[in-house]
Amino acid sequence: LMHLQIALSIGGTISWLNIYPDGSGLANTIIPIGIFQQGWVSSAGYQGTAVAGGIMLMFRRTNFGARVGTCGLGMAMLLSCALFVRNPFGLVSLASMGILLVLAGWRLPPFWVGELYALLAATTCLNAITSIRVLFFVTEAIIGGVVRTSDATSMQDITKIPSWIWASIWMVLAFWMTAMGIFITVETKENDSAREALDEFRGEDHPLALAAELT
């Protein structure tokens, strides 16, 4: 999905997107001619996933952010199915997950939607790290029955910079964004109110706290 968004952002078009059972995907994009445009789209998958995962983690402690993020991810999947996905497996799998995420983000209680959102954010960060790790050992892979070069190899062909350097840059970015997401969190007034209520509950002069101490 990151490749699609970046391709559209530079004035490109997307013919189709296929998702396969092994978790891989293949997009057919048409972008303006230029080294920058080619490199920007080729590198979008790994760095885009890393950035998205880190930002998602930053909002894991906000009820509003978790609910909007979960529903938004589901809507993005459904929109991709309507506009770009063309193979049966991709349509069924993405549409099913999209519907479930929208319903979960809309109907689940705040605690559970927060837990689900945190899981999605953490999974996105870990996916970026584990996927980039493979680039140090693999230069091509079979996607949809066709041998395709990796994004790092494509960047090497475009920029003449070795693929392992690109993989290293993306790996550093993935770890950096994960750390940023863990240590930098967005707080809201709702969170502050809940914390104050919890602190008040734990106060020594609170009847429930006194009862707990007596028992």
# chains A, B, ... in the order shown; residues from 1 in each chain; ligands from 1
call {"tool": "residues_around", "arguments": {"residues": "A:Ala122", "least_positions_apart": "2", "cutoff": "9 Å", "atoms": "only C-alpha atoms", "output": "JSON, numbers by chain"}}
result
{"A": [53, 54, 56, 57, 117, 118, 119, 120, 124, 125, 126, 127, 178]}
call {"tool": "residues_around", "arguments": {"residues": "stretch 130-138 of chain A", "least_positions_apart": "6", "cutoff": "8 Å", "atoms": "only C-alpha atoms", "output": "PyMOL selection string"}}
result
chain A and resi 46+150+152+163-164+167+170-171
call {"tool": "closest_atom_pairs", "arguments": {"of": "stretch 3-50 of chain A", "to": "stretch 143-148 of chain A", "cutoff": "8 Å", "atoms": "only C-alpha atoms", "output": "CSV"}}
result
residue,atom,partner,partner_atom,distance
A:Tyr20,CA,A:Gly144,CA,6.9
A:Ser24,CA,A:Ile143,CA,6.6
A:Gly25,CA,A:Ile143,CA,7.1
A:Leu26,CA,A:Ile143,CA,7.1
call {"tool": "residues_around", "arguments": {"residues": "A:Ser15", "least_positions_apart": "5", "cutoff": "12 Å", "atoms": "only C-alpha atoms", "output": "JSON, numbers by chain"}}
result
{"A": [4, 7, 8, 26, 27, 28, 29, 30, 31, 80, 83, 84, 85, 86]}
call {"tool": "atom_distance", "arguments": {"atom1": "atom CA of A:Leu73", "atom2": "atom CA of A:Ala104"}}
result
11.1 Å
call {"tool": "select_by_dssp", "arguments": {"residues": "stretch 84-168 of chain A", "states": "alpha helix (DSSP H)", "output": "MDAnalysis selection string"}}
result
chainID A and resid 88:107 110:134 151:159 163:168
call {"tool": "closest_residue", "arguments": {"among": "A:Ser93, A:Ser168, A:Thr188, A:Thr149", "to": "A:Leu78", "atoms": "only C-alpha atoms"}}
result
A:Ser93
call {"tool": "closest_residue", "arguments": {"among": "A:Met97, A:Ala82, A:Ala52, A:Val92", "to": "A:Met177", "atoms": "only C-alpha atoms"}}
result
A:Ala52
